[in-house]
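Please read the structure below before turning to the comments.
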Amino acid sequence: MAKMRKSWQEKLADSKNLPRVVEITDKMSKRWGTGTVVIPAPIEVDEIMKKVPKGKLITVNQIREIVARKHGATIGCPLTTGIFIGIAARAAEEAAAEGKTNNTPYWRTLKSKGELNEKYPGGVEAQATHLSEEGHTIEPGKGNKLRKVKDFEKALVGL
């Protein structure tokens, strides 16, 4: 019998010995400098995303700063934080499809320069719709750049 794949909600709840703070090694220091990096637990990232109220926004980098501060690390891991934001988004959609309410408003989490996230369920179109409904103005992307929220800095949450 085939093993059932984990649901997004199960993936979100599976902390796999995380969070973990590790030393930034030689290879990583070229990109990230020196010090320590925290690999957050998926649920921690989701909890931060859940706190963003309607009309407010947060960026991936803010989430990374929050987890770094919480764990006394120099930085929050960009790679795993990004992956866990995606898991949180899919888990929220999965929960909504099951009729659950009070799901993570993942569309309020933007990329570092205020861009929409093409990896969210429904892509940038769905995220743009949610954000427009909450009063944000979406600017078209120029060339191959992603669409972004106009004056997103003014709506950033102070967590």
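Residues are referred to by chain and number: the chain letter is A, B, ... according to the order shown in the structure tokens, the number counts from 1 in that chain, and ligands are numbered separately from 1 in the order shown.
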Which of range 1-158 of chain A fall in helix (DSSP H, G or I), as JSON, numbers by chain: {"A": [8, 9, 10, 11, 12, 13, 26, 27, 28, 29, 30, 31, 32, 42, 43, 44, 45, 46, 47, 48, 49, 50, 60, 61, 62, 63, 64, 65, 66, 67, 68, 69, 70, 71, 78, 79, 80, 81, 82, 83, 84, 85, 86, 87, 88, 89, 90, 91, 92, 93, 94, 95, 96, 97, 106, 107, 108, 123, 124, 125, 126, 127, 128, 129, 130, 131, 132, 133, 152, 153, 154, 155]}
Dump of C-alpha atoms for the selected residues, as a PDB file, in the first residue's frame:
ATOM      1  CA  TRP A   8       0.280  20.875   4.004  1.00  0.00           C
ATOM      2  CA  GLN A   9      -1.144  21.280   7.505  1.00  0.00           C
ATOM      3  CA  GLU A  10       0.866  18.251   8.677  1.00  0.00           C
ATOM      4  CA  LYS A  11       4.002  19.658   7.063  1.00  0.00           C
ATOM      5  CA  LEU A  12       3.382  22.964   8.845  1.00  0.00           C
ATOM      6  CA  ALA A  13       3.054  21.198  12.206  1.00  0.00           C
ATOM      7  CA  ASP A  26      32.822  29.544   5.337  1.00  0.00           C
ATOM      8  CA  LYS A  27      30.683  28.807   2.308  1.00  0.00           C
ATOM      9  CA  MET A  28      27.647  30.649   3.699  1.00  0.00           C
ATOM     10  CA  SER A  29      29.661  33.615   5.024  1.00  0.00           C
ATOM     11  CA  LYS A  30      30.319  34.860   1.479  1.00  0.00           C
ATOM     12  CA  ARG A  31      26.608  35.613   1.169  1.00  0.00           C
ATOM     13  CA  TRP A  32      25.503  36.137   4.749  1.00  0.00           C
ATOM     14  CA  PRO A  42       7.576  26.120  10.049  1.00  0.00           C
ATOM     15  CA  ILE A  43       4.950  26.832  12.712  1.00  0.00           C
ATOM     16  CA  GLU A  44       6.948  29.840  14.014  1.00  0.00           C
ATOM     17  CA  VAL A  45       6.894  31.425  10.564  1.00  0.00           C
ATOM     18  CA  ASP A  46       3.156  30.738  10.319  1.00  0.00           C
ATOM     19  CA  GLU A  47       2.512  32.285  13.761  1.00  0.00           C
ATOM     20  CA  ILE A  48       4.234  35.519  12.693  1.00  0.00           C
ATOM     21  CA  MET A  49       2.220  35.598   9.444  1.00  0.00           C
ATOM     22  CA  LYS A  50      -1.009  35.053  11.423  1.00  0.00           C
ATOM     23  CA  VAL A  60      10.025  37.927   4.227  1.00  0.00           C
ATOM     24  CA  ASN A  61      12.970  39.935   5.596  1.00  0.00           C
ATOM     25  CA  GLN A  62      10.897  41.191   8.547  1.00  0.00           C
ATOM     26  CA  ILE A  63       9.960  37.596   9.388  1.00  0.00           C
ATOM     27  CA  ARG A  64      13.645  36.646   9.199  1.00  0.00           C
ATOM     28  CA  GLU A  65      14.540  39.525  11.568  1.00  0.00           C
ATOM     29  CA  ILE A  66      11.843  38.467  14.038  1.00  0.00           C
ATOM     30  CA  VAL A  67      13.017  34.832  14.205  1.00  0.00           C
ATOM     31  CA  ALA A  68      16.667  35.920  14.432  1.00  0.00           C
ATOM     32  CA  ARG A  69      15.841  38.249  17.357  1.00  0.00           C
ATOM     33  CA  LYS A  70      13.740  35.595  19.064  1.00  0.00           C
ATOM     34  CA  HIS A  71      16.577  33.052  18.962  1.00  0.00           C
ATOM     35  CA  PRO A  78      16.409  33.061   3.886  1.00  0.00           C
ATOM     36  CA  LEU A  79      15.949  29.679   2.235  1.00  0.00           C
ATOM     37  CA  THR A  80      13.967  27.831   4.904  1.00  0.00           C
ATOM     38  CA  THR A  81      11.970  30.942   5.846  1.00  0.00           C
ATOM     39  CA  GLY A  82      10.863  31.233   2.205  1.00  0.00           C
ATOM     40  CA  ILE A  83       9.990  27.545   2.023  1.00  0.00           C
ATOM     41  CA  PHE A  84       7.986  27.721   5.267  1.00  0.00           C
ATOM     42  CA  ILE A  85       6.065  30.798   4.044  1.00  0.00           C
ATOM     43  CA  GLY A  86       5.004  28.696   1.050  1.00  0.00           C
ATOM     44  CA  ILE A  87       3.981  25.783   3.278  1.00  0.00           C
ATOM     45  CA  ALA A  88       1.978  28.155   5.505  1.00  0.00           C
ATOM     46  CA  ALA A  89       0.164  29.531   2.428  1.00  0.00           C
ATOM     47  CA  ARG A  90      -0.736  26.077   1.132  1.00  0.00           C
ATOM     48  CA  ALA A  91      -1.771  24.877   4.592  1.00  0.00           C
ATOM     49  CA  ALA A  92      -4.074  27.926   4.909  1.00  0.00           C
ATOM     50  CA  GLU A  93      -5.700  27.196   1.536  1.00  0.00           C
ATOM     51  CA  GLU A  94      -6.051  23.516   2.441  1.00  0.00           C
ATOM     52  CA  ALA A  95      -7.677  24.437   5.780  1.00  0.00           C
ATOM     53  CA  ALA A  96     -10.025  26.906   4.039  1.00  0.00           C
ATOM     54  CA  ALA A  97     -11.053  24.182   1.573  1.00  0.00           C
ATOM     55  CA  TYR A 106      -0.564  34.600   3.859  1.00  0.00           C
ATOM     56  CA  TRP A 107      -1.278  37.107   1.046  1.00  0.00           C
ATOM     57  CA  ARG A 108      -0.198  39.878   3.457  1.00  0.00           C
ATOM     58  CA  GLY A 123      -0.153  32.931  -8.069  1.00  0.00           C
ATOM     59  CA  VAL A 124       0.173  36.714  -8.087  1.00  0.00           C
ATOM     60  CA  GLU A 125      -3.358  37.159  -9.462  1.00  0.00           C
ATOM     61  CA  ALA A 126      -4.983  35.605  -6.386  1.00  0.00           C
ATOM     62  CA  GLN A 127      -2.662  37.530  -4.039  1.00  0.00           C
ATOM     63  CA  ALA A 128      -3.388  40.793  -5.894  1.00  0.00           C
ATOM     64  CA  THR A 129      -7.138  40.178  -5.536  1.00  0.00           C
ATOM     65  CA  HIS A 130      -6.870  39.588  -1.760  1.00  0.00           C
ATOM     66  CA  LEU A 131      -4.679  42.673  -1.268  1.00  0.00           C
ATOM     67  CA  SER A 132      -6.909  44.905  -3.424  1.00  0.00           C
ATOM     68  CA  GLU A 133      -9.917  43.779  -1.365  1.00  0.00           C
ATOM     69  CA  PHE A 152       3.989  48.985   0.777  1.00  0.00           C
ATOM     70  CA  GLU A 153       6.475  50.452   3.317  1.00  0.00           C
ATOM     71  CA  LYS A 154       3.658  52.599   4.785  1.00  0.00           C
ATOM     72  CA  ALA A 155       1.580  49.481   5.515  1.00  0.00           C
TER      73      ALA A 155
END
Counting only C-alpha atoms, figure out which residue out of A:Val52, A:Cys77, A:Leu116, A:Ile138 gets nearest to Leu156 in chain A. A:Val52
